[in-house]
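J.: See query-v9.cif below, with mmCIF, C-alpha atoms.
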data_upload
#
loop_
_atom_site.label_atom_id
_atom_site.label_comp_id
_atom_site.auth_asym_id
_atom_site.auth_seq_id
_atom_site.Cartn_x
_atom_site.Cartn_y
_atom_site.Cartn_z
CA MET A 752 -84.70 38.15 11.00
CA ARG A 753 -81.00 37.56 11.52
CA ARG A 754 -79.84 34.15 12.65
CA ALA A 755 -77.34 34.25 15.48
CA ALA A 756 -73.85 32.93 14.88
CA PRO A 757 -72.85 29.81 16.82
CA TYR A 758 -70.79 32.06 19.12
CA PRO A 759 -69.39 35.65 18.87
CA GLY A 760 -66.84 36.10 16.10
CA GLU A 761 -67.89 32.93 14.27
CA PRO A 762 -69.25 33.38 10.71
CA GLY A 763 -73.02 33.78 10.58
CA PRO A 764 -75.55 32.99 7.84
CA TRP A 765 -73.31 34.39 5.11
CA HIS A 766 -70.83 31.61 5.72
CA ASP A 767 -73.53 29.18 4.55
CA ALA A 768 -73.79 31.11 1.26
CA GLY A 769 -70.06 30.71 0.63
CA VAL A 770 -69.19 34.25 1.76
CA SER A 771 -67.10 34.48 4.91
CA ARG A 772 -68.36 37.11 7.39
CA TRP A 773 -67.16 38.33 10.79
CA ARG A 774 -69.62 39.10 13.58
CA CYS A 775 -68.67 41.86 16.04
CA PRO A 776 -68.97 40.42 19.56
CA ALA A 777 -69.95 43.85 20.97
CA CYS A 778 -72.83 44.82 18.64
CA ASP A 779 -73.60 41.44 16.96
CA ARG A 780 -73.49 42.98 13.45
CA GLU A 781 -71.79 41.15 10.55
CA PHE A 782 -68.94 42.51 8.44
CA GLY A 783 -66.79 41.36 5.54
CA ARG A 784 -63.47 41.51 7.43
CA ALA A 785 -62.48 40.53 10.94
CA HIS A 786 -62.29 43.53 13.26
CA GLN A 787 -63.58 45.85 10.53
CA SER A 788 -63.79 49.47 11.61
CA HIS A 789 -67.37 50.51 12.35
CA VAL A 790 -69.54 52.48 14.72
CA CYS A 791 -70.66 49.86 17.19
CA VAL A 792 -74.42 50.35 17.35
CA PRO A 793 -76.90 47.57 17.88
CA GLY A 794 -78.57 46.17 14.81
CA ASN A 795 -82.29 45.75 14.44
CA SER A 796 -84.71 44.46 11.83
CA VAL A 797 -85.69 46.10 8.56
CA ALA A 798 -89.23 46.35 9.97
CA GLU A 799 -87.91 48.33 12.96
CA THR A 800 -85.95 50.67 10.69
CA PHE A 801 -89.10 51.53 8.72
CA ALA A 802 -91.54 51.49 11.66
CA GLY A 803 -93.62 54.65 11.84
CA ARG A 804 -92.61 55.72 8.33
CA PRO A 805 -94.92 56.12 5.34
CA GLY A 806 -95.62 52.73 3.72
CA VAL A 807 -94.16 53.83 0.38
CA GLN A 808 -90.71 54.02 1.98
CA ARG A 809 -90.80 50.34 2.90
CA GLU A 810 -92.20 49.50 -0.55
CA ILE A 811 -89.27 51.32 -2.20
CA TYR A 812 -86.85 49.41 0.01
CA ASP A 813 -88.52 46.06 -0.73
CA VAL A 814 -88.25 46.55 -4.51
CA ILE A 815 -84.57 47.56 -4.21
CA ALA A 816 -83.73 44.60 -1.95
CA ALA A 817 -85.66 42.11 -4.12
CA HIS A 818 -83.77 43.26 -7.22
CA LEU A 819 -80.41 42.88 -5.47
CA ARG A 820 -81.33 39.46 -4.02
CA ALA A 821 -82.11 38.28 -7.55
CA LEU A 822 -78.49 39.09 -8.49
CA GLY A 823 -76.94 36.96 -5.74
CA PRO A 824 -76.20 36.91 -2.00
CA LEU A 825 -77.23 40.09 -0.19
CA HIS A 826 -76.49 41.03 3.40
CA GLU A 827 -78.91 43.54 4.93
CA ASP A 828 -77.32 45.27 7.93
CA SER A 829 -80.23 47.14 9.48
CA VAL A 830 -79.67 49.83 12.11
CA LYS A 831 -81.83 52.69 13.37
CA VAL A 832 -80.79 55.17 10.63
CA GLY A 833 -81.17 52.80 7.69
CA VAL A 834 -80.17 49.56 6.04
CA PHE A 835 -76.66 48.97 4.71
CA LEU A 836 -76.70 46.62 1.71
CA LEU A 837 -73.62 44.49 1.11
CA SER A 838 -72.42 41.68 -1.08
CA ASP A 839 -68.68 41.13 -0.78
CA ARG A 840 -68.46 44.87 0.03
CA LYS A 841 -70.95 47.64 0.77
CA LEU A 842 -72.87 48.65 -2.33
CA ALA A 843 -75.64 50.87 -0.99
CA GLU A 844 -77.46 52.35 1.97
CA VAL A 845 -81.20 52.95 2.17
CA ARG A 846 -82.14 55.61 4.70
CA PRO A 847 -85.72 56.62 5.47
CA MET A 848 -86.02 60.42 5.60
CA ALA A 849 -88.81 62.89 6.34
CA ARG A 850 -90.04 63.15 2.74
CA GLY A 851 -88.72 60.04 1.05
CA VAL A 852 -85.85 57.60 0.99
CA SER A 853 -82.21 58.49 0.54
CA LEU A 854 -80.35 55.85 -1.47
CA LEU A 855 -76.58 56.08 -1.15
CA LEU A 856 -75.30 54.06 -4.08
CA ILE A 857 -71.68 53.17 -4.82
CA LEU A 858 -70.96 53.00 -8.55
CA PRO A 859 -67.81 52.79 -10.70
CA TYR A 860 -68.93 55.83 -12.74
CA ALA A 861 -70.72 59.16 -12.30
CA VAL A 862 -74.47 59.47 -12.78
CA ALA A 863 -76.62 62.57 -13.02
CA GLY A 864 -80.28 63.47 -13.09
CA PRO A 865 -82.98 65.15 -11.04
CA ARG A 866 -82.94 62.38 -8.39
CA VAL A 867 -79.17 62.59 -7.85
CA ARG A 868 -78.56 65.14 -5.09
CA ARG A 869 -74.77 64.91 -5.02
CA SER A 870 -71.83 62.59 -5.59
CA GLU A 871 -68.46 62.12 -3.95
CA ARG A 872 -65.40 60.09 -4.82
CA LEU A 873 -64.61 57.35 -2.28
CA ALA A 874 -61.65 55.82 -4.11
CA GLU A 875 -60.47 55.18 -7.63
CA GLY A 876 -63.44 53.70 -9.50
CA ARG A 877 -65.84 54.09 -6.53
CA LEU A 878 -68.24 57.04 -6.40
CA MET A 879 -70.99 57.47 -3.80
CA HIS A 880 -74.20 58.96 -5.21
CA TYR A 881 -76.93 60.40 -2.98
CA ILE A 882 -80.24 59.66 -4.69
CA ARG A 883 -83.62 60.83 -3.41
CA LEU A 884 -86.58 58.51 -3.97
CA THR A 885 -90.06 59.72 -3.06
CA GLN A 886 -92.40 57.35 -4.88
CA LEU A 887 -92.37 53.75 -6.00
CA SER A 888 -92.12 54.77 -9.66
CA ASP A 889 -88.68 56.28 -8.87
CA VAL A 890 -87.40 52.68 -8.81
CA ASP A 891 -87.39 52.54 -12.60
CA ASP A 892 -85.29 50.71 -15.20
CA GLU A 893 -82.48 53.28 -14.94
CA LEU A 894 -82.23 52.88 -11.15
CA LEU A 895 -82.36 49.08 -11.46
CA ARG A 896 -79.41 49.23 -13.91
CA TRP A 897 -77.49 51.38 -11.43
CA LEU A 898 -78.26 48.87 -8.67
CA THR A 899 -77.03 46.02 -10.87
CA ASP A 900 -73.80 47.90 -11.62
CA ALA A 901 -73.32 48.66 -7.90
CA TYR A 902 -73.79 44.97 -7.08
CA ASP A 903 -71.29 43.97 -9.77
CA LEU A 904 -68.76 46.47 -8.40
CA ALA A 905 -69.20 45.14 -4.86
CA THR A 906 -68.56 41.57 -5.99
CA SER A 907 -65.57 42.29 -8.24
#
What does the file become when written as C-alpha coordinates?

T.:
Amino acid sequence: MRRAAPYPGEPGPWHDAGVSRWRCPACDREFGRAHQSHVCVPGNSVAETFAGRPGVQREIYDVIAAHLRALGPLHEDSVKVGVFLLSDRKLAEVRPMARGVSLLLILPYAVAGPRVRRSERLAEGRLMHYIRLTQLSDVDDELLRWLTDAYDLATS
(Lines of atoms letter the chains of each structure in order from A and count residues from 1; the text may use other names and numbers.)
(Lines give C-alpha, C1' and ligand atoms only; values in the text may rest on other atoms or scores of the structure.)
Protein backbone atom coordinates (compact mmCIF):
# COMPACT_ATOMS: atom_id res chain seq x y z
CA MET A 1 0.00 0.00 0.00
CA ARG A 2 1.28 3.45 -0.89
CA ARG A 3 2.26 5.80 1.89
CA ALA A 4 0.89 9.30 1.49
CA ALA A 5 3.30 12.16 1.03
CA PRO A 6 3.45 14.74 3.84
CA TYR A 7 1.42 17.08 1.61
CA PRO A 8 0.64 17.25 -2.17
CA GLY A 9 3.71 17.79 -4.34
CA GLU A 10 6.14 16.74 -1.60
CA PRO A 11 8.32 13.67 -2.34
CA GLY A 12 6.78 10.41 -1.15
CA PRO A 13 8.36 7.10 -0.11
CA TRP A 14 10.87 7.19 -2.96
CA HIS A 15 12.53 10.21 -1.41
CA ASP A 16 13.45 7.97 1.53
CA ALA A 17 15.22 5.59 -0.87
CA GLY A 18 17.36 8.42 -2.24
CA VAL A 19 15.27 8.87 -5.40
CA SER A 20 13.42 12.16 -5.67
CA ARG A 21 9.79 11.78 -6.81
CA TRP A 22 6.97 14.24 -7.51
CA ARG A 23 3.41 13.49 -6.44
CA CYS A 24 0.60 14.89 -8.62
CA PRO A 25 -1.78 16.81 -6.34
CA ALA A 26 -4.77 15.91 -8.56
CA CYS A 27 -4.42 12.11 -8.80
CA ASP A 28 -1.91 11.42 -5.97
CA ARG A 29 0.34 9.31 -8.25
CA GLU A 30 4.15 9.64 -8.10
CA PHE A 31 6.41 10.56 -11.01
CA GLY A 32 10.11 11.10 -11.64
CA ARG A 33 9.80 14.77 -12.67
CA ALA A 34 7.74 17.64 -11.33
CA HIS A 35 4.65 18.28 -13.44
CA GLN A 36 5.39 15.25 -15.62
CA SER A 37 2.88 14.77 -18.42
CA HIS A 38 0.44 11.97 -17.65
CA VAL A 39 -3.19 10.95 -17.86
CA CYS A 40 -4.53 11.94 -14.48
CA VAL A 41 -6.34 8.82 -13.30
CA PRO A 42 -6.56 7.72 -9.71
CA GLY A 43 -4.12 5.09 -8.58
CA ASN A 44 -5.09 1.95 -6.76
CA SER A 45 -3.37 -1.09 -5.29
CA VAL A 46 -1.78 -3.98 -7.15
CA ALA A 47 -4.42 -6.21 -5.54
CA GLU A 48 -7.19 -4.05 -7.05
CA THR A 49 -5.55 -4.18 -10.49
CA PHE A 50 -5.55 -7.99 -10.44
CA ALA A 51 -8.89 -8.46 -8.63
CA GLY A 52 -11.20 -10.83 -10.48
CA ARG A 53 -8.39 -12.08 -12.73
CA PRO A 54 -7.02 -15.62 -12.88
CA GLY A 55 -4.54 -16.23 -10.04
CA VAL A 56 -1.71 -17.02 -12.47
CA GLN A 57 -1.75 -13.41 -13.66
CA ARG A 58 -0.97 -12.12 -10.18
CA GLU A 59 1.66 -14.86 -9.74
CA ILE A 60 3.37 -13.74 -12.97
CA TYR A 61 3.34 -10.16 -11.74
CA ASP A 62 4.71 -11.11 -8.32
CA VAL A 63 7.69 -12.97 -9.82
CA ILE A 64 8.46 -10.04 -12.16
CA ALA A 65 8.20 -7.47 -9.34
CA ALA A 66 10.28 -9.58 -6.92
CA HIS A 67 13.06 -9.91 -9.50
CA LEU A 68 13.10 -6.16 -10.12
CA ARG A 69 13.01 -5.34 -6.38
CA ALA A 70 16.09 -7.54 -5.93
CA LEU A 71 17.93 -5.24 -8.38
CA GLY A 72 17.21 -2.03 -6.46
CA PRO A 73 14.47 0.53 -5.78
CA LEU A 74 11.24 -0.14 -7.66
CA HIS A 75 8.20 2.10 -7.87
CA GLU A 76 4.93 0.31 -8.66
CA ASP A 77 2.37 2.76 -10.07
CA SER A 78 -0.83 0.73 -10.09
CA VAL A 79 -3.91 1.91 -12.00
CA LYS A 80 -6.99 0.11 -13.28
CA VAL A 81 -5.40 -1.05 -16.58
CA GLY A 82 -2.15 -2.32 -15.10
CA VAL A 83 0.97 -1.59 -13.11
CA PHE A 84 3.68 0.75 -14.39
CA LEU A 85 7.11 -0.28 -13.09
CA LEU A 86 9.72 2.44 -12.67
CA SER A 87 13.16 2.97 -11.27
CA ASP A 88 14.62 6.33 -12.28
CA ARG A 89 12.46 6.03 -15.43
CA LYS A 90 9.70 3.71 -16.61
CA LEU A 91 11.05 0.29 -17.49
CA ALA A 92 7.92 -1.83 -17.94
CA GLU A 93 4.16 -2.14 -17.71
CA VAL A 94 2.29 -5.25 -16.63
CA ARG A 95 -1.28 -5.34 -17.92
CA PRO A 96 -3.74 -8.12 -17.12
CA MET A 97 -5.58 -9.21 -20.27
CA ALA A 98 -8.33 -11.71 -21.08
CA ARG A 99 -5.98 -14.65 -21.71
CA GLY A 100 -2.77 -13.69 -19.98
CA VAL A 101 -0.56 -10.79 -19.06
CA SER A 102 0.86 -8.24 -21.46
CA LEU A 103 4.35 -7.13 -20.45
CA LEU A 104 5.46 -3.92 -22.13
CA LEU A 105 9.22 -3.91 -21.65
CA ILE A 106 11.62 -1.11 -22.56
CA LEU A 107 15.02 -2.42 -23.67
CA PRO A 108 18.09 -0.90 -25.35
CA TYR A 109 18.02 -3.60 -28.05
CA ALA A 110 15.55 -5.64 -30.11
CA VAL A 111 14.34 -9.04 -28.93
CA ALA A 112 12.38 -11.67 -30.82
CA GLY A 113 10.62 -14.93 -30.09
CA PRO A 114 7.18 -16.48 -29.91
CA ARG A 115 6.20 -14.41 -26.83
CA VAL A 116 7.15 -11.08 -28.45
CA ARG A 117 4.05 -9.77 -30.22
CA ARG A 118 5.58 -6.55 -31.58
CA SER A 119 8.18 -3.89 -30.92
CA GLU A 120 8.36 -0.16 -31.49
CA ARG A 121 11.14 2.38 -31.21
CA LEU A 122 10.54 5.00 -28.51
CA ALA A 123 13.84 6.85 -28.87
CA GLU A 124 17.45 6.15 -29.70
CA GLY A 125 18.44 3.10 -27.65
CA ARG A 126 14.92 2.57 -26.23
CA LEU A 127 12.61 -0.04 -27.78
CA MET A 128 9.23 -1.05 -26.34
CA HIS A 129 8.49 -4.77 -26.68
CA TYR A 130 4.99 -6.20 -26.22
CA ILE A 131 5.40 -9.63 -24.64
CA ARG A 132 2.53 -12.01 -23.93
CA LEU A 133 2.82 -14.18 -20.81
CA THR A 134 0.20 -16.86 -20.19
CA GLN A 135 1.77 -19.15 -17.62
CA LEU A 136 4.23 -18.84 -14.77
CA SER A 137 6.88 -20.78 -16.70
CA ASP A 138 6.94 -17.92 -19.25
CA VAL A 139 8.93 -15.97 -16.63
CA ASP A 140 12.08 -17.90 -17.47
CA ASP A 141 15.80 -17.08 -17.41
CA GLU A 142 15.60 -15.26 -20.75
CA LEU A 143 12.78 -12.99 -19.55
CA LEU A 144 14.59 -12.34 -16.25
CA ARG A 145 17.69 -11.24 -18.24
CA TRP A 146 15.50 -8.88 -20.27
CA LEU A 147 14.01 -7.48 -17.06
CA THR A 148 17.50 -6.93 -15.65
CA ASP A 149 18.58 -5.12 -18.82
CA ALA A 150 15.41 -2.98 -18.74
CA TYR A 151 16.13 -2.06 -15.11
CA ASP A 152 19.73 -1.17 -15.97
CA LEU A 153 18.54 1.03 -18.85
CA ALA A 154 16.04 2.82 -16.60
CA THR A 155 18.73 3.62 -14.03
CA SER A 156 21.43 4.73 -16.49

J.: Just want the 12 Å neighbourhood of A:Leu854, counted on all atoms listed in the file, with same-chain residues fewer than 2 positions away dropped. Output as number ranges by chain.

T.: A: 808, 811-812, 815-816, 833-836, 842-848, 851-852, 856-857, 866-870, 879-885, 889-890, 894, 897-898, 901

J.: Tell me, in Å to one decimal, how far atom CA of A:Leu819 is from atom CA of A:Leu873.

T.: 21.7 Å

J.: In Å, how far is it from atom CA of A:Gly803 to atom CA of A:Lys841?

T.: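 It comes out at 26.2 Å.
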
J.: When you draw a straight line from atom CA of A:Gly806 to atom CA of A:Ser888, how long is it in Å?

T.: 14.0 Å

J.: Skipping near chain neighbours, those fewer than 4 positions away, what residues fall within 10 Å of A:Gly823 using all atoms listed in the file, listed as a short mmCIF file (atom, residue, chain, number, x, y, z; two decimals) with C-alpha atoms, keeping the file's coordinate frame?

T.:
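Writing the result to part-v2.cif gives the following:
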data_model
loop_
_atom_site.label_atom_id
_atom_site.label_comp_id
_atom_site.auth_asym_id
_atom_site.auth_seq_id
_atom_site.Cartn_x
_atom_site.Cartn_y
_atom_site.Cartn_z
CA ALA A 768 -73.79 31.11 1.26
CA HIS A 818 -83.77 43.26 -7.22
CA LEU A 819 -80.41 42.88 -5.47
CA SER A 838 -72.42 41.68 -1.08
CA TYR A 902 -73.79 44.97 -7.08
CA ASP A 903 -71.29 43.97 -9.77
CA THR A 906 -68.56 41.57 -5.99
#

J.: So what does the PyMOL selection byres ((chain A and resi 825) around 6) actually pick up in this one, as a ChimeraX atom specification?

T.: /A:820,824,826,837-838

J.: Between A:Ala817, A:Leu822, A:Ala798, A:Val807, which residue has the minimum interatomic distance to A:Leu887, considering only C-alpha atoms?

T.: A:Val807

J.: So, with only C-alpha atoms as the atoms that count, which of A:Ala863, A:Ala821, A:Ala905, A:Leu855 lies closest to A:Glu893?

T.: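 The shortest atom-to-atom distance to A:Glu893 comes from A:Ala863.
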
J.: Could you expand the PyMOL selection byres ((chain A and resi 796) around 9) into the explicit residues it covers here, written as a PyMOL selection string?

T.: chain A and resi 752-753+794-795+797-801+828-831+834
